[in-house]
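Q: Below is the file run34.cif, with mmCIF, C-alpha atoms.
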```cif
data_start
loop_
_atom_site.label_atom_id
_atom_site.label_comp_id
_atom_site.auth_asym_id
_atom_site.auth_seq_id
_atom_site.Cartn_x
_atom_site.Cartn_y
_atom_site.Cartn_z
CA MET I 1 0.00 0.00 0.00
CA PHE I 2 2.85 2.35 0.86
CA LEU I 3 4.63 1.67 -2.47
CA LEU I 4 1.35 2.08 -4.38
CA SER I 5 0.69 5.44 -2.66
CA ALA I 6 4.21 6.65 -3.38
CA PHE I 7 3.92 5.61 -7.04
CA SER I 8 0.55 7.35 -7.39
CA ALA I 9 1.92 10.53 -5.80
CA SER I 10 4.97 10.58 -8.08
CA THR I 11 2.79 9.97 -11.15
CA LEU I 12 0.46 12.83 -10.16
CA PHE I 13 3.45 15.13 -9.58
CA ALA I 14 4.89 14.26 -13.00
CA GLN I 15 1.53 14.93 -14.68
CA LYS I 16 1.20 18.32 -12.98
CA ASN I 17 4.71 19.35 -14.06
CA LYS I 18 4.60 17.92 -17.58
CA LYS I 19 5.22 20.66 -20.11
CA ILE I 20 2.52 21.50 -22.61
CA THR I 21 3.08 22.37 -26.27
CA ILE I 22 1.60 25.56 -27.69
CA THR I 23 1.54 26.27 -31.41
CA GLY I 24 0.18 29.09 -33.50
CA SER I 25 0.75 31.57 -36.30
CA VAL I 26 1.64 35.27 -36.33
CA VAL I 27 0.51 37.64 -39.09
CA ASN I 28 0.43 41.38 -39.69
CA ALA I 29 -2.56 43.58 -40.44
CA GLY I 30 -2.56 42.40 -44.05
CA MET I 31 -2.58 38.73 -42.98
CA TYR I 32 1.00 38.22 -44.17
CA PRO I 33 3.17 35.96 -41.97
CA ILE I 34 5.71 37.57 -39.65
CA SER I 35 8.99 35.70 -39.36
CA ASN I 36 11.74 35.91 -36.71
CA ALA I 37 9.36 37.21 -34.05
CA THR I 38 10.36 36.31 -30.48
CA VAL I 39 8.02 34.20 -28.35
CA MET I 40 7.74 35.39 -24.75
CA ILE I 41 6.34 33.50 -21.76
CA ASP I 42 5.13 35.48 -18.74
CA GLY I 43 7.08 38.50 -19.98
CA HIS I 44 10.38 36.67 -20.47
CA SER I 45 12.04 36.19 -23.85
CA THR I 46 12.57 32.58 -24.97
CA LYS I 47 14.72 30.93 -27.61
CA SER I 48 11.67 30.28 -29.78
CA PHE I 49 11.02 32.33 -32.92
CA THR I 50 8.44 32.28 -35.70
CA ASN I 51 9.59 30.60 -38.92
CA ALA I 52 9.35 31.91 -42.48
CA SER I 53 5.64 30.98 -42.52
CA GLY I 54 4.98 32.94 -39.33
CA LYS I 55 4.42 29.77 -37.30
CA TYR I 56 5.83 28.98 -33.87
CA LYS I 57 5.95 26.03 -31.50
CA ILE I 58 6.99 26.12 -27.86
CA ARG I 59 6.83 23.87 -24.81
CA VAL I 60 5.89 25.63 -21.59
CA SER I 61 5.31 24.82 -17.95
CA PRO I 62 1.67 24.13 -17.02
CA THR I 63 1.96 27.04 -14.58
CA ALA I 64 2.66 29.55 -17.38
CA LYS I 65 0.01 32.28 -17.56
CA ARG I 66 0.76 34.49 -20.57
CA ILE I 67 2.30 34.10 -24.01
CA GLY I 68 3.49 37.03 -26.07
CA ILE I 69 5.01 37.83 -29.44
CA VAL I 70 7.59 40.59 -29.98
CA SER I 71 8.35 41.66 -33.54
CA PHE I 72 10.73 44.40 -34.65
CA GLY I 73 8.68 46.85 -36.68
CA GLU I 74 5.32 45.53 -35.43
CA GLY I 75 5.48 45.71 -31.64
CA MET I 76 4.26 43.33 -28.97
CA LEU I 77 1.08 41.32 -28.36
CA GLU I 78 0.12 39.12 -25.41
CA GLU I 79 -2.59 36.55 -24.74
CA GLU I 80 -3.65 34.59 -21.67
CA ILE I 81 -2.82 30.91 -22.15
CA ASP I 82 -5.79 29.71 -20.10
CA GLY I 83 -5.31 26.04 -21.02
CA ARG I 84 -5.14 26.64 -24.77
CA THR I 85 -2.62 24.80 -26.95
CA ARG I 86 -3.23 26.81 -30.14
CA ILE I 87 -2.92 30.59 -29.97
CA ASN I 88 -2.73 32.81 -33.06
CA PHE I 89 -1.68 36.46 -33.18
CA GLN I 90 -2.51 39.26 -35.61
CA PHE I 91 -0.86 42.67 -35.35
CA SER I 92 -2.72 45.83 -36.23
CA SER I 93 -1.14 48.51 -38.42
CA ASN I 94 -0.88 50.87 -35.42
CA LEU I 95 2.19 50.40 -33.23
CA ASP I 96 0.64 52.72 -30.66
CA SER I 97 -2.27 50.36 -30.02
CA PRO I 98 -2.71 49.31 -26.37
CA VAL I 99 -0.37 46.59 -25.17
CA PRO I 100 -1.34 44.23 -22.34
CA SER I 101 0.53 44.98 -19.13
CA THR I 102 0.71 43.90 -15.52
CA GLY I 103 -2.06 46.36 -14.71
CA ILE I 104 0.16 48.39 -12.39
CA GLN I 105 -0.09 51.71 -14.19
CA GLN I 106 -0.63 54.35 -11.53
CA LEU I 107 2.11 54.52 -8.92
CA PRO I 108 2.17 56.12 -5.46
CA LEU I 109 4.42 59.17 -5.28
CA GLY I 110 8.02 58.35 -4.53
CA GLU I 111 8.00 54.80 -5.89
CA GLU I 112 10.62 54.18 -8.57
CA SER I 113 9.25 53.44 -12.00
CA VAL I 114 10.78 52.05 -15.18
CA ASN I 115 9.86 52.87 -18.78
CA THR I 116 9.46 49.53 -20.54
CA GLY I 117 8.76 51.06 -23.93
CA TYR I 118 4.98 51.09 -23.65
CA ILE I 119 4.18 51.72 -19.99
CA LYS I 120 5.79 52.98 -16.80
CA THR I 121 5.51 50.53 -13.93
CA LYS I 122 7.19 49.57 -10.67
CA ARG I 123 10.64 48.05 -11.18
CA LYS I 124 9.66 44.87 -9.31
CA TYR I 125 6.95 44.21 -11.91
CA VAL I 126 9.27 44.64 -14.91
CA SER I 127 10.24 41.27 -16.38
CA SER I 128 12.25 42.69 -19.27
CA ASN I 129 15.98 43.29 -19.01
CA THR I 130 15.98 47.02 -18.24
CA SER I 131 18.65 48.93 -16.30
CA LYS I 132 18.06 52.37 -14.81
CA ILE I 133 20.57 55.03 -13.73
CA ASP I 134 19.58 57.81 -11.33
CA GLY I 135 21.38 60.75 -12.87
CA THR I 136 20.80 62.93 -9.79
CA ASN I 137 23.33 60.88 -7.79
CA PRO I 138 26.26 63.24 -6.96
CA LYS I 139 28.84 60.61 -7.96
CA PHE I 140 28.04 61.17 -11.64
CA ALA I 141 29.27 64.75 -11.49
CA SER I 142 32.84 63.48 -11.96
CA TYR I 143 32.02 61.52 -15.12
CA SER I 144 33.23 63.06 -18.36
CA SER I 145 30.35 61.86 -20.55
CA VAL I 146 27.02 60.05 -20.57
CA GLN I 147 28.72 57.22 -22.44
CA GLU I 148 31.06 56.76 -19.48
CA MET I 149 28.07 56.72 -17.09
CA ILE I 150 26.44 53.90 -19.04
CA GLN I 151 29.65 51.90 -19.42
CA ARG I 152 30.41 52.01 -15.70
CA GLU I 153 26.91 51.53 -14.36
CA VAL I 154 25.18 49.11 -16.78
CA SER I 155 26.24 45.51 -17.25
CA GLY I 156 26.31 43.95 -20.70
CA VAL I 157 27.41 47.07 -22.60
CA ARG I 158 30.74 47.89 -24.19
CA THR I 159 32.28 50.37 -26.60
CA ILE I 160 33.11 49.21 -30.14
CA ASN I 161 34.49 51.70 -32.67
CA GLY I 162 33.54 54.53 -30.35
CA GLU I 163 29.87 53.42 -30.03
CA ILE I 164 28.01 51.91 -27.10
CA ILE I 165 26.90 48.37 -28.00
CA ILE I 166 24.34 46.49 -25.87
CA HIS I 167 24.82 42.74 -25.42
CA GLY I 168 27.02 42.60 -28.52
CA SER I 169 24.06 43.36 -30.82
CA LYS I 170 25.13 42.46 -34.33
CA ASN I 171 23.62 41.73 -37.74
CA MET I 172 25.25 40.14 -40.78
CA TYR I 173 27.11 43.35 -41.57
CA ASP I 174 28.38 44.81 -38.30
CA TYR I 175 27.59 45.71 -34.70
CA VAL I 176 24.32 47.63 -34.28
CA PRO I 177 24.28 50.62 -31.91
CA PRO I 178 21.18 51.26 -29.80
CA LEU I 179 18.48 53.81 -30.52
CA VAL I 180 19.09 56.87 -28.30
CA LEU I 181 16.09 58.98 -27.24
CA ILE I 182 16.64 62.17 -25.22
CA ASP I 183 13.34 63.41 -23.82
CA ASP I 184 11.64 61.18 -26.42
CA VAL I 185 13.56 62.75 -29.32
CA PRO I 186 16.04 60.65 -31.40
CA SER I 187 19.52 61.96 -30.53
CA THR I 188 23.09 60.92 -29.77
CA LEU I 189 24.83 60.49 -26.44
CA THR I 190 27.00 63.53 -27.15
CA ASP I 191 23.91 65.77 -27.20
CA VAL I 192 23.66 65.78 -23.40
CA ARG I 193 26.09 66.24 -20.50
CA PRO I 194 26.07 64.16 -17.28
CA SER I 195 25.04 67.22 -15.27
CA GLU I 196 21.85 67.53 -17.38
CA VAL I 197 20.70 63.95 -16.87
CA GLU I 198 17.85 63.08 -14.54
CA SER I 199 17.70 59.39 -15.46
CA ILE I 200 18.91 56.87 -18.02
CA GLU I 201 17.08 53.65 -18.88
CA VAL I 202 18.72 50.96 -21.00
CA ILE I 203 16.40 48.39 -22.60
CA LYS I 204 18.39 45.33 -23.60
CA ASP I 205 16.02 42.60 -24.75
CA GLY I 206 13.05 41.97 -27.03
CA THR I 207 10.98 44.66 -25.33
CA ALA I 208 12.96 47.19 -27.39
CA ALA I 209 10.95 46.01 -30.41
CA ILE I 210 8.20 48.39 -29.26
CA TYR I 211 10.38 51.13 -30.80
CA GLY I 212 10.50 49.45 -34.21
CA THR I 213 13.38 48.33 -36.43
CA ARG I 214 15.63 51.20 -35.35
CA ALA I 215 15.80 49.57 -31.91
CA TYR I 216 17.39 46.34 -33.17
CA GLY I 217 20.44 47.13 -31.02
CA GLY I 218 18.40 48.08 -27.94
CA VAL I 219 17.22 51.46 -26.65
CA ILE I 220 18.76 54.09 -24.38
CA LEU I 221 16.15 56.44 -22.91
CA ILE I 222 17.51 59.64 -21.36
CA THR I 223 15.38 62.07 -19.38
CA THR I 224 16.93 65.46 -18.70
CA ARG I 225 16.36 67.73 -15.70
CA LYS I 226 14.74 70.45 -17.83
#
```
Take the structure in the file and give it back as structure tokens.
A:
Amino acid sequence: MFLLSAFSASTLFAQKNKKITITGSVVNAGMYPISNATVMIDGHSTKSFTNASGKYKIRVSPTAKRIGIVSFGEGMLEEEIDGRTRINFQFSSNLDSPVPSTGIQQLPLGEESVNTGYIKTKRKYVSSNTSKIDGTNPKFASYSSVQEMIQREVSGVRTINGEIIIHGSKNMYDYVPPLVLIDDVPSTLTDVRPSEVESIEVIKDGTAAIYGTRAYGGVILITTRK
């Protein structure tokens, strides 16, 4: 009886933790397939991508709640899994269309927030790989440039040919520098001095796709004190 109970318990545990397979297709507003889009589970990027026909296949834990698709040039979509094994996605033609979020949109005063590319939310709720620098810290007054601030304070970045490169972002031709936005305006790091910076946010992973194809190498968001 003891062995039978132990066997039954182990079988039940294995069934509860057995991964499930989810498949689907991803198309744009014109119903054309989207290839090389990243599949995300519960806000985390995975190693699964859509193929040339816009189809994907991924095995996930039975405890997974949400599945998302991130496409450079299209944006991001998310769906609740809710026991489904086939989930299709269709992007609209408007990149500014609402994107599902954690629901934590309005923050109490004084609580640190992070710009994820489509919403500002508490850092503890951000699942994407985003680093934030508080430019008001007095230690930055001694830095010679914003580029130096980022190099010293953010992991996973380096300088190649005089440009900041995030996570070694590279295409078939060369390294790809990040998109730099200063107060939401496309700029360069030399357009602002350390003393003018209020905050810097570096978006390193697939979430940067919210900013389109120009963000292939990631995004650096700079807010000035003005």
Q: Identify which of the residues I:Tyr56, I:Ser92, I:Ile222, I:Thr159 lies closest to Gly75 in chain I, counting only C-alpha atoms when measuring atom-to-atom distances.
A: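 Among the listed residues, the smallest separation from Gly75 in chain I belongs to I:Ser92.
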Q: Which residues come within 6 Å of Pro178 in chain I, counting only C-alpha atoms, excluding same-chain residues fewer than 6 positions away, as a list in words?
A: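 The residues that qualify are Gly217, Gly218 and Val219 of chain I.
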Q: Could you list, as a list in words, every residue within 6 Å of Ile200 in chain I, counting only C-alpha atoms and ignoring same-chain residues fewer than 4 positions away?
A: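 Neighbouring residues, sequence-local ones excluded: Lys132, Ile133, Leu221 and Ile222 of chain I.
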Q: Of the residues I:Ile67, I:Phe140, I:Val39, I:Glu74, which is the one nearest to Asn51 in chain I, using all atoms listed in the file?
A: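 Selected residue with least distance to Asn51 in chain I: I:Val39.
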Q: Which residues come within 6 Å of range 82-89 of chain I, counting only C-alpha atoms, excluding same-chain residues fewer than 4 positions away, as a PDB file with C-alpha atoms, in the coordinates of the input?
A:
```
ATOM      1  CA  ILE I  22       1.600  25.560 -27.690  1.00  0.00           C
ATOM      2  CA  THR I  23       1.540  26.270 -31.410  1.00  0.00           C
ATOM      3  CA  GLY I  24       0.180  29.090 -33.500  1.00  0.00           C
ATOM      4  CA  SER I  25       0.750  31.570 -36.300  1.00  0.00           C
ATOM      5  CA  VAL I  26       1.640  35.270 -36.330  1.00  0.00           C
TER       6      VAL I  26
END
```
Q: Nearest to Glu80 in chain I: which of I:Lys18, I:Arg214, I:Lys65, I:Lys204 is it, counting only C-alpha atoms?
A: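 Closest to Glu80 in chain I, using only C-alpha atoms: I:Lys65.
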Q: Run the PyMOL selection byres ((chain I and resi 142-154) around 10) mentally over the shown coordinates, then write out the matched residues as a PyMOL selection string, using the chain letters and numbers from the document.
A: chain I and resi 130-133+135+138-141+155-159+162-166+188-197+200-202+220+222
Q: Measure the distance from CA of His44 in chain I to CA of Ile81 in chain I in Å and round it to one decimal.
A: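 The value is 14.5 Å.
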Q: Please compute the CA of Ile160 in chain I-CA of Ala215 in chain I distance, one decimal, in Å.
A: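 These atoms are spaced 17.4 Å apart.
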Q: Could you list the residues chosen by the PyMOL selection byres ((chain I and resi 53) around 10) in this structure as a PyMOL selection string?
A: chain I and resi 25-27+32-36+50-52+54-56
Q: So how far away is CA of Gly43 in chain I from CA of Ile20 in chain I, in Å?
A: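 Rounded to one decimal, the two atoms are 17.8 Å apart.
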Q: Choose the residue, out of I:Glu198, I:Asp174, I:Asp184, I:Asp42, that has the smallest atom-to-atom separation from Asp134 in chain I; count only C-alpha atoms.
A: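 Using only C-alpha atoms, Asp134 in chain I sits closest to I:Glu198.
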Q: I need the residue nearest Met76 in chain I from this list: I:Tyr216, I:Gly30, I:Lys47, I:Thr38. Use all atoms listed in the file for the distance.
A: I:Thr38
Q: Between I:Thr223, I:Ile58, I:Tyr211, I:Leu179, which one has atoms that come closest to Phe72 in chain I, using only C-alpha atoms?
A: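 Ranked by minimum distance to Phe72 in chain I, first place goes to I:Tyr211.
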